[in-house]
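Chemist: See entry-v8.cif below, with mmCIF, C-alpha atoms.
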data_input
#
loop_
_atom_site.label_atom_id
_atom_site.label_comp_id
_atom_site.auth_asym_id
_atom_site.auth_seq_id
_atom_site.Cartn_x
_atom_site.Cartn_y
_atom_site.Cartn_z
CA MET A 262 158.21 72.50 71.24
CA THR A 263 159.97 72.86 74.60
CA ASP A 264 163.35 73.18 72.88
CA THR A 265 161.93 75.69 70.41
CA PHE A 266 160.41 77.71 73.24
CA GLY A 267 163.76 77.70 75.05
CA PHE A 268 165.42 78.99 71.89
CA LEU A 269 162.75 81.70 71.66
CA ILE A 270 163.73 82.83 75.18
CA PHE A 271 167.41 82.85 74.15
CA THR A 272 166.53 84.85 71.03
CA PHE A 273 164.62 87.43 73.05
CA ALA A 274 167.56 87.72 75.43
CA ALA A 275 169.87 88.38 72.47
CA ILE A 276 167.49 91.01 71.06
CA LEU A 277 167.19 92.73 74.44
CA ALA A 278 171.00 92.75 74.66
CA PHE A 279 170.95 94.53 71.29
CA GLU A 280 168.40 97.02 72.64
CA ALA A 281 170.58 97.61 75.69
CA VAL A 282 173.60 98.33 73.49
CA ASN A 283 171.36 100.56 71.38
CA GLY A 284 170.43 102.65 74.42
CA TRP A 285 174.00 102.68 75.72
CA THR A 286 175.64 103.73 72.45
CA ASP A 287 172.82 105.88 71.02
CA ALA A 288 172.06 107.94 74.14
CA PRO A 289 174.88 110.28 73.03
CA ASN A 290 172.97 111.09 69.84
CA ALA A 291 170.41 113.00 71.87
CA VAL A 292 172.63 114.55 74.52
CA ALA A 293 176.12 115.00 73.06
CA THR A 294 175.58 118.54 71.85
CA VAL A 295 173.54 119.73 74.85
CA ILE A 296 176.33 118.49 77.14
CA SER A 297 179.17 119.92 75.05
CA THR A 298 177.55 123.37 75.05
CA ARG A 299 176.88 123.05 78.81
CA ALA A 300 173.18 123.73 78.37
CA LEU A 301 172.49 120.76 80.68
CA ARG A 302 174.48 118.80 83.23
CA PRO A 303 175.42 115.33 81.88
CA ILE A 304 173.37 113.28 84.35
CA ILE A 305 170.25 115.40 83.80
CA ALA A 306 170.67 115.24 80.03
CA VAL A 307 171.01 111.45 80.02
CA ALA A 308 168.01 111.03 82.37
CA MET A 309 165.90 113.22 80.08
CA ALA A 310 167.02 111.17 77.07
CA ALA A 311 166.07 107.93 78.86
CA VAL A 312 162.52 109.09 79.60
CA LEU A 313 161.87 110.54 76.14
CA ASN A 314 163.42 107.54 74.38
CA LEU A 315 160.86 105.41 76.19
CA VAL A 316 157.99 107.74 75.27
CA GLY A 317 159.08 107.86 71.63
CA VAL A 318 158.91 104.09 71.26
CA PHE A 319 155.14 104.26 71.74
CA ALA A 320 154.67 106.81 68.93
CA GLY A 321 154.03 104.19 66.24
CA THR A 322 155.08 100.84 64.79
CA ALA A 323 155.82 101.68 61.14
CA VAL A 324 159.58 101.19 61.53
CA ALA A 325 159.07 98.02 63.59
CA THR A 326 156.89 96.62 60.80
CA THR A 327 159.53 97.41 58.17
CA ILE A 328 162.22 95.65 60.21
CA GLY A 329 160.08 92.68 61.22
CA ARG A 330 158.16 92.01 58.01
CA ASP A 331 159.73 93.78 55.02
CA ILE A 332 163.46 92.96 55.23
CA VAL A 333 163.23 89.15 55.35
CA ASP A 334 160.36 87.11 53.88
CA ILE A 335 158.69 85.48 56.90
CA ASP A 336 156.76 82.97 54.78
CA ALA A 337 159.88 81.85 52.90
CA VAL A 338 161.89 81.54 56.11
CA ILE A 339 159.22 79.35 57.70
CA LYS A 340 159.11 77.19 54.55
CA GLU A 341 162.89 76.84 54.21
CA GLY A 342 164.12 76.78 57.79
CA GLY A 343 161.05 76.35 59.98
CA SER A 344 160.57 78.22 63.23
CA GLY A 345 164.04 77.22 64.43
CA GLY A 346 165.67 78.74 61.35
CA GLY A 347 163.71 81.96 61.81
CA LEU A 348 164.83 82.24 65.42
CA GLN A 349 168.43 81.66 64.32
CA ILE A 350 168.09 84.67 62.00
CA ALA A 351 166.76 86.95 64.74
CA ALA A 352 169.33 85.83 67.33
CA GLY A 353 172.24 85.95 64.88
CA ALA A 354 171.40 89.48 63.73
CA ALA A 355 171.08 90.79 67.29
CA LEU A 356 174.30 89.15 68.51
CA ALA A 357 176.26 90.46 65.52
CA VAL A 358 175.31 94.05 66.38
CA VAL A 359 176.11 93.55 70.06
CA LEU A 360 179.61 92.37 69.17
CA TRP A 361 180.31 95.09 66.59
CA SER A 362 178.73 98.09 68.34
CA GLY A 363 180.14 97.11 71.71
CA SER A 364 183.65 96.89 70.25
CA ALA A 365 183.35 100.18 68.36
CA ALA A 366 181.93 101.99 71.41
CA TYR A 367 185.04 101.01 73.36
CA PHE A 368 187.02 103.21 70.97
CA GLY A 369 184.41 105.99 71.05
CA LEU A 370 183.15 105.37 67.51
CA PRO A 371 179.40 105.98 67.03
CA THR A 372 178.32 103.08 64.83
CA SER A 373 174.83 102.64 63.42
CA GLU A 374 172.76 99.98 65.16
CA SER A 375 170.15 100.44 62.41
CA HIS A 376 172.56 99.53 59.63
CA GLY A 377 174.05 96.78 61.76
CA LEU A 378 170.67 95.20 62.42
CA VAL A 379 169.46 95.12 58.82
CA ALA A 380 172.88 93.87 57.67
CA GLY A 381 172.78 91.24 60.41
CA LEU A 382 169.29 90.14 59.38
CA ALA A 383 170.50 89.81 55.80
CA GLY A 384 173.63 87.85 56.71
CA ALA A 385 171.76 85.52 59.06
CA ALA A 386 168.91 85.01 56.57
CA VAL A 387 171.33 84.16 53.76
CA GLY A 388 173.11 81.73 56.08
CA VAL A 389 169.86 79.97 56.98
CA ALA A 390 167.75 80.09 53.81
CA GLY A 391 169.69 81.74 50.97
CA THR A 392 169.34 85.07 49.18
CA ASP A 393 165.77 84.45 47.96
CA VAL A 394 164.34 85.35 51.37
CA LEU A 395 165.49 88.99 51.15
CA LEU A 396 162.73 91.43 50.17
CA GLY A 397 163.36 94.28 47.76
CA ASP A 398 160.77 96.71 49.18
CA GLY A 399 162.30 96.71 52.64
CA TRP A 400 165.82 97.15 51.33
CA THR A 401 164.68 100.07 49.19
CA LYS A 402 163.54 101.76 52.41
CA VAL A 403 166.87 100.95 54.08
CA PHE A 404 168.97 102.56 51.36
CA THR A 405 166.54 105.48 51.08
CA GLY A 406 167.19 105.99 54.78
CA VAL A 407 170.97 106.02 54.28
CA GLY A 408 170.66 108.82 51.73
CA ALA A 409 168.07 110.75 53.74
CA ALA A 410 170.20 110.68 56.90
CA VAL A 411 173.21 112.19 55.14
CA VAL A 412 171.44 114.63 52.82
CA PHE A 413 168.69 115.94 55.09
CA GLY A 414 170.81 115.76 58.24
CA PHE A 415 173.73 117.71 56.75
CA ALA A 416 171.79 120.06 54.46
CA GLY A 417 168.91 120.65 56.90
CA ALA A 418 171.26 121.59 59.72
CA ALA A 419 173.35 123.81 57.45
CA LEU A 420 170.29 125.66 56.13
CA LEU A 421 168.82 126.09 59.60
CA MET A 422 172.17 127.37 60.82
CA VAL A 423 172.35 129.92 58.00
CA ALA A 424 168.79 131.09 58.85
CA VAL A 425 169.66 131.48 62.56
CA LEU A 426 172.82 133.43 61.76
CA TRP A 427 170.92 135.75 59.43
CA LEU A 428 168.00 136.34 61.83
CA PHE A 429 170.33 137.07 64.76
CA ARG A 430 173.15 138.71 62.83
CA ARG A 431 173.09 141.78 65.10
CA ALA A 432 172.90 139.88 68.40
CA ASN A 433 176.00 139.60 70.56
CA PRO A 434 177.38 136.15 71.45
CA SER A 435 176.34 136.24 75.12
CA ALA A 436 172.74 137.09 74.17
CA MET A 437 172.75 134.20 71.70
CA ARG A 438 173.92 131.79 74.38
CA ARG A 439 171.22 132.96 76.81
CA LEU A 440 168.47 132.69 74.20
CA PHE A 441 169.45 129.33 72.71
CA GLY A 442 170.33 127.58 75.97
CA PRO A 443 166.67 126.77 76.77
CA LEU A 444 165.89 126.20 73.09
CA GLN A 445 168.68 123.66 72.87
CA ILE A 446 167.23 121.76 75.82
CA LEU A 447 163.96 121.53 73.87
CA SER A 448 165.76 120.40 70.72
CA SER A 449 167.67 117.77 72.70
CA ALA A 450 164.37 116.51 74.12
CA PHE A 451 162.97 116.38 70.57
CA MET A 452 166.05 114.42 69.51
CA ALA A 453 165.61 111.89 72.34
CA PHE A 454 161.94 111.42 71.46
CA SER A 455 162.73 110.95 67.76
CA HIS A 456 165.40 108.40 68.65
CA GLY A 457 162.69 106.37 70.36
CA THR A 458 160.40 106.63 67.31
CA ALA A 459 163.21 105.51 65.00
CA ASP A 460 165.82 103.32 66.69
CA GLY A 461 163.63 102.20 69.57
CA GLN A 462 161.31 100.46 67.10
CA LYS A 463 163.98 98.23 65.60
CA ALA A 464 164.45 95.72 68.40
CA ILE A 465 160.66 95.58 68.73
CA GLY A 466 160.43 94.68 65.05
CA VAL A 467 162.93 91.83 65.42
CA MET A 468 161.08 90.49 68.49
CA ALA A 469 157.84 90.56 66.51
CA PHE A 470 159.63 88.73 63.67
CA ALA A 471 160.87 86.10 66.14
CA LEU A 472 157.34 85.58 67.47
CA ALA A 473 155.94 85.34 63.94
CA VAL A 474 158.38 82.62 62.84
CA HIS A 475 158.07 80.77 66.16
CA ASN A 476 154.27 80.67 65.85
CA GLU A 477 154.54 80.17 62.05
CA THR A 478 152.34 83.23 61.51
CA PRO A 479 151.99 84.29 57.83
CA ALA A 480 153.43 87.66 56.86
CA ALA A 481 149.94 88.93 56.04
CA GLU A 482 149.03 88.52 59.73
CA PHE A 483 152.20 90.14 61.09
CA ASP A 484 151.51 92.12 64.25
CA VAL A 485 153.49 93.90 66.98
CA PRO A 486 152.05 92.93 70.39
CA LEU A 487 151.72 95.63 73.02
CA TRP A 488 153.75 93.65 75.57
CA VAL A 489 156.67 93.53 73.10
CA ILE A 490 156.55 97.34 72.82
CA PHE A 491 156.65 97.65 76.61
CA LEU A 492 159.56 95.22 76.85
CA GLY A 493 161.60 97.00 74.19
CA ALA A 494 160.79 100.48 75.46
CA GLY A 495 161.65 99.62 79.04
CA THR A 496 164.98 98.08 78.07
CA LEU A 497 165.88 101.09 75.93
CA GLY A 498 164.98 103.56 78.68
CA VAL A 499 166.98 101.76 81.38
CA SER A 500 170.04 101.22 79.17
CA THR A 501 170.06 104.85 78.04
CA MET A 502 170.74 105.87 81.63
CA THR A 503 174.21 104.30 81.41
CA GLY A 504 175.26 107.06 79.03
CA GLY A 505 178.05 106.31 76.60
CA TRP A 506 180.54 108.96 77.55
CA ARG A 507 183.27 108.19 75.02
CA ILE A 508 180.80 108.64 72.17
CA ILE A 509 179.51 111.85 73.76
CA ARG A 510 183.04 113.24 73.61
CA THR A 511 183.43 112.18 69.97
CA LEU A 512 180.14 113.62 68.72
CA GLY A 513 179.85 116.65 70.98
CA MET A 514 183.44 117.76 71.38
CA ARG A 515 185.79 116.22 68.83
CA VAL A 516 183.93 116.63 65.50
CA THR A 517 183.57 120.41 65.85
CA HIS A 518 183.20 123.01 68.58
CA LEU A 519 179.54 123.91 69.13
CA GLU A 520 177.74 126.87 70.66
CA THR A 521 174.18 126.52 71.98
CA TYR A 522 172.56 127.87 68.80
CA GLN A 523 174.62 125.46 66.72
CA GLY A 524 173.61 122.52 68.89
CA PHE A 525 169.98 123.65 68.52
CA ALA A 526 170.27 123.66 64.72
CA ALA A 527 171.92 120.23 64.56
CA GLU A 528 169.44 118.56 66.92
CA THR A 529 166.36 120.16 65.39
CA ALA A 530 167.32 119.19 61.83
CA ALA A 531 168.24 115.62 62.83
CA ALA A 532 165.16 115.09 65.00
CA ALA A 533 162.80 116.44 62.33
CA THR A 534 164.37 114.13 59.73
CA LEU A 535 163.99 111.10 62.00
CA THR A 536 160.42 111.91 63.03
CA ILE A 537 159.18 112.44 59.48
CA THR A 538 160.85 109.38 57.96
CA SER A 539 159.75 107.09 60.79
CA ARG A 540 156.12 107.82 59.89
CA PHE A 541 156.79 106.17 56.53
CA GLY A 542 158.55 103.18 58.07
CA ILE A 543 161.97 104.24 56.76
CA PRO A 544 164.62 102.94 59.19
CA LEU A 545 167.11 105.80 59.47
CA SER A 546 170.29 105.63 61.50
CA THR A 547 170.07 108.10 64.39
CA THR A 548 173.86 108.13 64.67
CA GLN A 549 174.33 108.88 60.99
CA THR A 550 171.64 111.58 61.01
CA ILE A 551 172.93 113.57 64.00
CA GLY A 552 176.54 113.04 62.94
CA SER A 553 175.75 114.49 59.50
CA ALA A 554 173.84 117.37 61.11
CA ILE A 555 176.78 118.28 63.37
CA MET A 556 179.09 118.30 60.34
CA GLY A 557 176.57 120.46 58.46
CA VAL A 558 176.49 123.01 61.27
CA GLY A 559 180.27 123.09 61.54
CA SER A 560 180.69 123.60 57.80
CA THR A 561 178.67 126.85 57.87
CA ARG A 562 181.47 128.58 59.78
CA ARG A 563 184.19 127.28 57.48
CA LEU A 564 185.06 123.85 56.20
CA SER A 565 188.14 123.73 58.41
CA ALA A 566 185.89 124.09 61.49
CA VAL A 567 184.98 120.42 61.08
CA ARG A 568 187.69 118.03 62.17
CA TRP A 569 187.48 115.96 59.03
CA GLY A 570 189.89 113.33 60.34
CA VAL A 571 187.47 112.49 63.14
CA ALA A 572 184.55 112.72 60.69
CA TYR A 573 186.37 110.32 58.36
CA ASN A 574 186.70 107.75 61.17
CA ILE A 575 182.99 108.05 61.93
CA VAL A 576 182.01 107.60 58.26
CA ALA A 577 184.39 104.64 57.98
CA ALA A 578 182.64 103.01 60.95
CA TRP A 579 179.27 103.56 59.26
CA VAL A 580 180.49 101.98 56.01
CA LEU A 581 182.17 99.03 57.73
CA THR A 582 179.02 98.27 59.72
CA PHE A 583 177.23 96.67 56.74
CA PRO A 584 179.83 94.04 55.73
CA ILE A 585 181.01 93.33 59.28
CA CYS A 586 177.54 92.74 60.74
CA PHE A 587 176.51 90.75 57.64
CA GLY A 588 179.57 88.51 58.03
CA LEU A 589 179.27 88.17 61.81
CA ALA A 590 175.58 87.21 61.62
CA TRP A 591 176.29 84.68 58.87
CA LEU A 592 179.04 83.07 60.98
CA ILE A 593 176.87 83.08 64.11
CA VAL A 594 173.98 81.21 62.48
CA LEU A 595 176.42 78.64 61.13
CA ALA A 596 177.66 78.10 64.69
CA ILE A 597 174.17 77.84 66.23
CA PRO A 598 173.06 74.18 66.27
CA ASP A 599 169.88 73.33 64.36
#
I'd like the structure from this file rewritten - as structure tokens, please.
Modeler:
Amino acid sequence: MTDTFGFLIFTFAAILAFEAVNGWTDAPNAVATVISTRALRPIIAVAMAAVLNLVGVFAGTAVATTIGRDIVDIDAVIKEGGSGGGLQIAAGAALAVVLWSGSAAYFGLPTSESHGLVAGLAGAAVGVAGTDVLLGDGWTKVFTGVGAAVVFGFAGAALLMVAVLWLFRRANPSAMRRLFGPLQILSSAFMAFSHGTADGQKAIGVMAFALAVHNETPAAEFDVPLWVIFLGAGTLGVSTMTGGWRIIRTLGMRVTHLETYQGFAAETAAAATLTITSRFGIPLSTTQTIGSAIMGVGSTRRLSAVRWGVAYNIVAAWVLTFPICFGLAWLIVLAIPD
């Protein structure tokens, strides 16, 4: 029991490292556009994101439940690998994302911690107990989220942008900037809050999974303790303060040039998509959603306004996240002693 408890502590440390990377690399999702349009100073924008990320984590546990209970069969894991095997899965998944996202962030690529985590859970679970422990319902939500992020992020931002341009078609550019500067601050705050409701829940879900397998709690009794929410929220808020400036430049400055009203449209569409889907426990990628929204806004001017070479690199990083994190997690659990 002592050894198992020690491994539980190690697993929690790995998950909190994931949450720290999540805050570090995903802070740009909320503040990249508001910084690039100069609506807010960088340090103020990141501080605002940190506070609202933390607040958003407390908005519900539907996404945490999907991640912790519906991706991997807790009962089957306990039966096949015991509590130690379950902790291997949680630790392996978290460490795989830390390695991949940390490496990609060095090159300024905004990867998806959401996709990385579910792929890592799958790879680690297969390595410990085989493919039978993967649950279809949870994976349906995951792939629904992939489609929703791209379709609703891109299309929602494009439609909102068209509406703004039509409503203010007679306004001069300086008036537009003055009007949408404060509105973009609000949309950035909304984006930070929605990031907490979506991505902030994921580490909490894995911690709850780790506790469930450690205590050999049946899936029917799965619960997310309040202290786990506080631990995850606090880690996310503190780590968000470190920024992620290379990714800010990629999302806010290199994909397409944005004015304040364009940043408002991208953030509002992305945040609304994240907030709505999180209520149904659908684990969307914040990075994928805001990235798609920025591309959608840029495409309303003309297709050439989007730097598709940069966009291609971002999409490639999203696609690579699934197999790389699956493989890394599988290798990690093989290396962790029983």
Chemist: Pick the closest to Met468 of chain A from A:Ala365, A:Leu395, A:Ala300, A:Ala274: which is it, counting all atoms listed in the file?
Modeler: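 Among A:Ala365, A:Leu395, A:Ala300, A:Ala274, it is A:Ala274 that comes nearest to Met468 of chain A.
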Chemist: I'd like a table as a Markdown table: residues in segment 361-462 of chain A with an atom no more than 7 Å from segment 312-325 of chain A, each row giving the shortest atom pair and its distance in Å to one decimal, only C-alpha atoms counted, sorted by chain and rising residue number.
Modeler:
| residue | atom | partner | partner_atom | distance |
| --- | --- | --- | --- | --- |
| A:Ala450 | CA | A:Leu313 | CA | 6.8 |
| A:Ala453 | CA | A:Asn314 | CA | 5.3 |
| A:Phe454 | CA | A:Gly317 | CA | 4.6 |
| A:Ser455 | CA | A:Gly317 | CA | 6.2 |
| A:His456 | CA | A:Asn314 | CA | 6.1 |
| A:Gly457 | CA | A:Gly317 | CA | 4.1 |
| A:Thr458 | CA | A:Gly317 | CA | 4.7 |
| A:Ala459 | CA | A:Val324 | CA | 6.6 |
| A:Gly461 | CA | A:Val318 | CA | 5.4 |
| A:Gln462 | CA | A:Ala325 | CA | 4.8 |
Chemist: As a check of understanding, name the residues that the PyMOL selection byres ((chain A and resi 400) around 12) selects in the supplied structure, as number ranges by chain.
Modeler: A: 327-328, 330-334, 376, 379-380, 382-383, 394-399, 401-407, 542-545
Chemist: Quick one: apply the PyMOL selection byres ((chain A and resi 473) around 12) to the file and drop the selected residues here as number ranges by chain.
Modeler: A: 269, 326, 329-330, 333-336, 338-339, 343-345, 347-348, 351, 466-472, 474-486
Chemist: Got a sec to resolve the PyMOL selection byres ((chain A and resi 583) around 9) on this structure and send the residues as a ChimeraX atom specification?
Modeler: /A:376-381,579-582,584-588
Chemist: Could you jot down the atom CA of Gly284 of chain A to atom CA of Leu497 of chain A separation for me, Å, one decimal place?
Modeler: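 Here the two named atoms are 5.0 Å from each other.
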Chemist: Work out where the centre of an axis-aligned box around every listed atom of segment 355-367 of chain A lies and how long its edges are once 8 Å is added on each side; give both in Å to one decimal as JSON.
Modeler:
{"center_x": 178.1, "center_y": 95.6, "center_z": 69.4, "size_x": 30.0, "size_y": 28.8, "size_z": 23.8}
Chemist: What is the distance, in Å and to one decimal place, between atom CA of Leu277 of chain A and atom CA of Ile296 of chain A?
Modeler: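 Computing the Euclidean distance for atom CA of Leu277 of chain A and atom CA of Ile296 of chain A yields 27.5 Å.
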Chemist: Could I get segment 467-502 of chain A from the block written out with N, CA and C atoms, as a PDB file, in the first residue's frame?
Modeler:
ATOM      1  N   VAL A 467      -8.309  13.349 -15.124  1.00  0.00           N
ATOM      2  CA  VAL A 467      -7.294  12.297 -15.010  1.00  0.00           C
ATOM      3  C   VAL A 467      -6.924  12.065 -13.543  1.00  0.00           C
ATOM      4  N   MET A 468      -6.869  13.144 -12.742  1.00  0.00           N
ATOM      5  CA  MET A 468      -6.611  12.963 -11.309  1.00  0.00           C
ATOM      6  C   MET A 468      -7.730  12.164 -10.652  1.00  0.00           C
ATOM      7  N   ALA A 469      -8.976  12.447 -11.042  1.00  0.00           N
ATOM      8  CA  ALA A 469     -10.103  11.692 -10.496  1.00  0.00           C
ATOM      9  C   ALA A 469     -10.034  10.228 -10.927  1.00  0.00           C
ATOM     10  N   PHE A 470      -9.602   9.984 -12.168  1.00  0.00           N
ATOM     11  CA  PHE A 470      -9.403   8.617 -12.655  1.00  0.00           C
ATOM     12  C   PHE A 470      -8.341   7.908 -11.823  1.00  0.00           C
ATOM     13  N   ALA A 471      -7.222   8.613 -11.566  1.00  0.00           N
ATOM     14  CA  ALA A 471      -6.136   8.026 -10.769  1.00  0.00           C
ATOM     15  C   ALA A 471      -6.623   7.661  -9.368  1.00  0.00           C
ATOM     16  N   LEU A 472      -7.401   8.534  -8.753  1.00  0.00           N
ATOM     17  CA  LEU A 472      -7.948   8.239  -7.423  1.00  0.00           C
ATOM     18  C   LEU A 472      -8.895   7.040  -7.472  1.00  0.00           C
ATOM     19  N   ALA A 473      -9.708   6.975  -8.534  1.00  0.00           N
ATOM     20  CA  ALA A 473     -10.682   5.882  -8.645  1.00  0.00           C
ATOM     21  C   ALA A 473      -9.974   4.532  -8.753  1.00  0.00           C
ATOM     22  N   VAL A 474      -8.931   4.450  -9.595  1.00  0.00           N
ATOM     23  CA  VAL A 474      -8.253   3.160  -9.753  1.00  0.00           C
ATOM     24  C   VAL A 474      -7.410   2.838  -8.512  1.00  0.00           C
ATOM     25  N   HIS A 475      -6.853   3.873  -7.882  1.00  0.00           N
ATOM     26  CA  HIS A 475      -6.063   3.631  -6.663  1.00  0.00           C
ATOM     27  C   HIS A 475      -6.942   3.069  -5.552  1.00  0.00           C
ATOM     28  N   ASN A 476      -8.139   3.624  -5.405  1.00  0.00           N
ATOM     29  CA  ASN A 476      -9.072   3.181  -4.357  1.00  0.00           C
ATOM     30  C   ASN A 476      -9.950   2.017  -4.819  1.00  0.00           C
ATOM     31  N   GLU A 477      -9.754   1.608  -6.108  1.00  0.00           N
ATOM     32  CA  GLU A 477     -10.560   0.545  -6.715  1.00  0.00           C
ATOM     33  C   GLU A 477     -12.049   0.857  -6.604  1.00  0.00           C
ATOM     34  N   THR A 478     -12.377   2.102  -6.969  1.00  0.00           N
ATOM     35  CA  THR A 478     -13.761   2.578  -6.944  1.00  0.00           C
ATOM     36  C   THR A 478     -14.445   2.216  -8.255  1.00  0.00           C
ATOM     37  N   PRO A 479     -15.610   1.581  -8.244  1.00  0.00           N
ATOM     38  CA  PRO A 479     -16.309   1.231  -9.493  1.00  0.00           C
ATOM     39  C   PRO A 479     -16.670   2.487 -10.295  1.00  0.00           C
ATOM     40  N   ALA A 480     -16.772   2.306 -11.607  1.00  0.00           N
ATOM     41  CA  ALA A 480     -17.088   3.437 -12.480  1.00  0.00           C
ATOM     42  C   ALA A 480     -18.420   4.078 -12.118  1.00  0.00           C
ATOM     43  N   ALA A 481     -19.355   3.274 -11.648  1.00  0.00           N
ATOM     44  CA  ALA A 481     -20.678   3.807 -11.284  1.00  0.00           C
ATOM     45  C   ALA A 481     -20.598   4.790 -10.128  1.00  0.00           C
ATOM     46  N   GLU A 482     -19.518   4.726  -9.343  1.00  0.00           N
ATOM     47  CA  GLU A 482     -19.361   5.622  -8.195  1.00  0.00           C
ATOM     48  C   GLU A 482     -18.304   6.698  -8.458  1.00  0.00           C
ATOM     49  N   PHE A 483     -17.944   6.880  -9.717  1.00  0.00           N
ATOM     50  CA  PHE A 483     -16.927   7.880 -10.082  1.00  0.00           C
ATOM     51  C   PHE A 483     -17.349   9.264  -9.615  1.00  0.00           C
ATOM     52  N   ASP A 484     -16.399   9.991  -9.026  1.00  0.00           N
ATOM     53  CA  ASP A 484     -16.691  11.314  -8.492  1.00  0.00           C
ATOM     54  C   ASP A 484     -15.449  12.190  -8.653  1.00  0.00           C
ATOM     55  N   VAL A 485     -15.668  13.496  -8.735  1.00  0.00           N
ATOM     56  CA  VAL A 485     -14.561  14.452  -8.815  1.00  0.00           C
ATOM     57  C   VAL A 485     -14.530  15.235  -7.508  1.00  0.00           C
ATOM     58  N   PRO A 486     -13.593  14.934  -6.614  1.00  0.00           N
ATOM     59  CA  PRO A 486     -13.551  15.627  -5.315  1.00  0.00           C
ATOM     60  C   PRO A 486     -13.261  17.113  -5.471  1.00  0.00           C
ATOM     61  N   LEU A 487     -13.781  17.906  -4.539  1.00  0.00           N
ATOM     62  CA  LEU A 487     -13.598  19.352  -4.600  1.00  0.00           C
ATOM     63  C   LEU A 487     -12.124  19.729  -4.482  1.00  0.00           C
ATOM     64  N   TRP A 488     -11.364  19.010  -3.646  1.00  0.00           N
ATOM     65  CA  TRP A 488      -9.961  19.364  -3.461  1.00  0.00           C
ATOM     66  C   TRP A 488      -9.153  19.135  -4.741  1.00  0.00           C
ATOM     67  N   VAL A 489      -9.584  18.169  -5.560  1.00  0.00           N
ATOM     68  CA  VAL A 489      -8.925  17.932  -6.848  1.00  0.00           C
ATOM     69  C   VAL A 489      -9.185  19.106  -7.794  1.00  0.00           C
ATOM     70  N   ILE A 490     -10.403  19.648  -7.755  1.00  0.00           N
ATOM     71  CA  ILE A 490     -10.723  20.823  -8.580  1.00  0.00           C
ATOM     72  C   ILE A 490      -9.855  22.004  -8.167  1.00  0.00           C
ATOM     73  N   PHE A 491      -9.731  22.232  -6.871  1.00  0.00           N
ATOM     74  CA  PHE A 491      -8.886  23.330  -6.385  1.00  0.00           C
ATOM     75  C   PHE A 491      -7.436  23.141  -6.818  1.00  0.00           C
ATOM     76  N   LEU A 492      -6.934  21.919  -6.715  1.00  0.00           N
ATOM     77  CA  LEU A 492      -5.545  21.648  -7.073  1.00  0.00           C
ATOM     78  C   LEU A 492      -5.305  21.893  -8.564  1.00  0.00           C
ATOM     79  N   GLY A 493      -6.203  21.398  -9.401  1.00  0.00           N
ATOM     80  CA  GLY A 493      -6.056  21.597 -10.842  1.00  0.00           C
ATOM     81  C   GLY A 493      -6.220  23.046 -11.239  1.00  0.00           C
ATOM     82  N   ALA A 494      -7.217  23.717 -10.673  1.00  0.00           N
ATOM     83  CA  ALA A 494      -7.478  25.112 -11.006  1.00  0.00           C
ATOM     84  C   ALA A 494      -6.313  26.001 -10.596  1.00  0.00           C
ATOM     85  N   GLY A 495      -5.785  25.765  -9.408  1.00  0.00           N
ATOM     86  CA  GLY A 495      -4.671  26.581  -8.938  1.00  0.00           C
ATOM     87  C   GLY A 495      -3.440  26.413  -9.803  1.00  0.00           C
ATOM     88  N   THR A 496      -3.142  25.180 -10.179  1.00  0.00           N
ATOM     89  CA  THR A 496      -1.986  24.921 -11.038  1.00  0.00           C
ATOM     90  C   THR A 496      -2.154  25.589 -12.395  1.00  0.00           C
ATOM     91  N   LEU A 497      -3.358  25.495 -12.961  1.00  0.00           N
ATOM     92  CA  LEU A 497      -3.613  26.110 -14.263  1.00  0.00           C
ATOM     93  C   LEU A 497      -3.470  27.622 -14.188  1.00  0.00           C
ATOM     94  N   GLY A 498      -4.020  28.239 -13.133  1.00  0.00           N
ATOM     95  CA  GLY A 498      -3.948  29.688 -13.004  1.00  0.00           C
ATOM     96  C   GLY A 498      -2.526  30.188 -12.872  1.00  0.00           C
ATOM     97  N   VAL A 499      -1.726  29.516 -12.022  1.00  0.00           N
ATOM     98  CA  VAL A 499      -0.334  29.938 -11.826  1.00  0.00           C
ATOM     99  C   VAL A 499       0.482  29.753 -13.102  1.00  0.00           C
ATOM    100  N   SER A 500       0.321  28.601 -13.770  1.00  0.00           N
ATOM    101  CA  SER A 500       1.120  28.332 -14.965  1.00  0.00           C
ATOM    102  C   SER A 500       0.744  29.244 -16.129  1.00  0.00           C
ATOM    103  N   THR A 501      -0.512  29.669 -16.178  1.00  0.00           N
ATOM    104  CA  THR A 501      -0.931  30.575 -17.248  1.00  0.00           C
ATOM    105  C   THR A 501      -0.159  31.883 -17.200  1.00  0.00           C
ATOM    106  N   MET A 502       0.235  32.293 -16.004  1.00  0.00           N
ATOM    107  CA  MET A 502       0.958  33.556 -15.862  1.00  0.00           C
ATOM    108  C   MET A 502       2.306  33.558 -16.576  1.00  0.00           C
TER     109      MET A 502
END
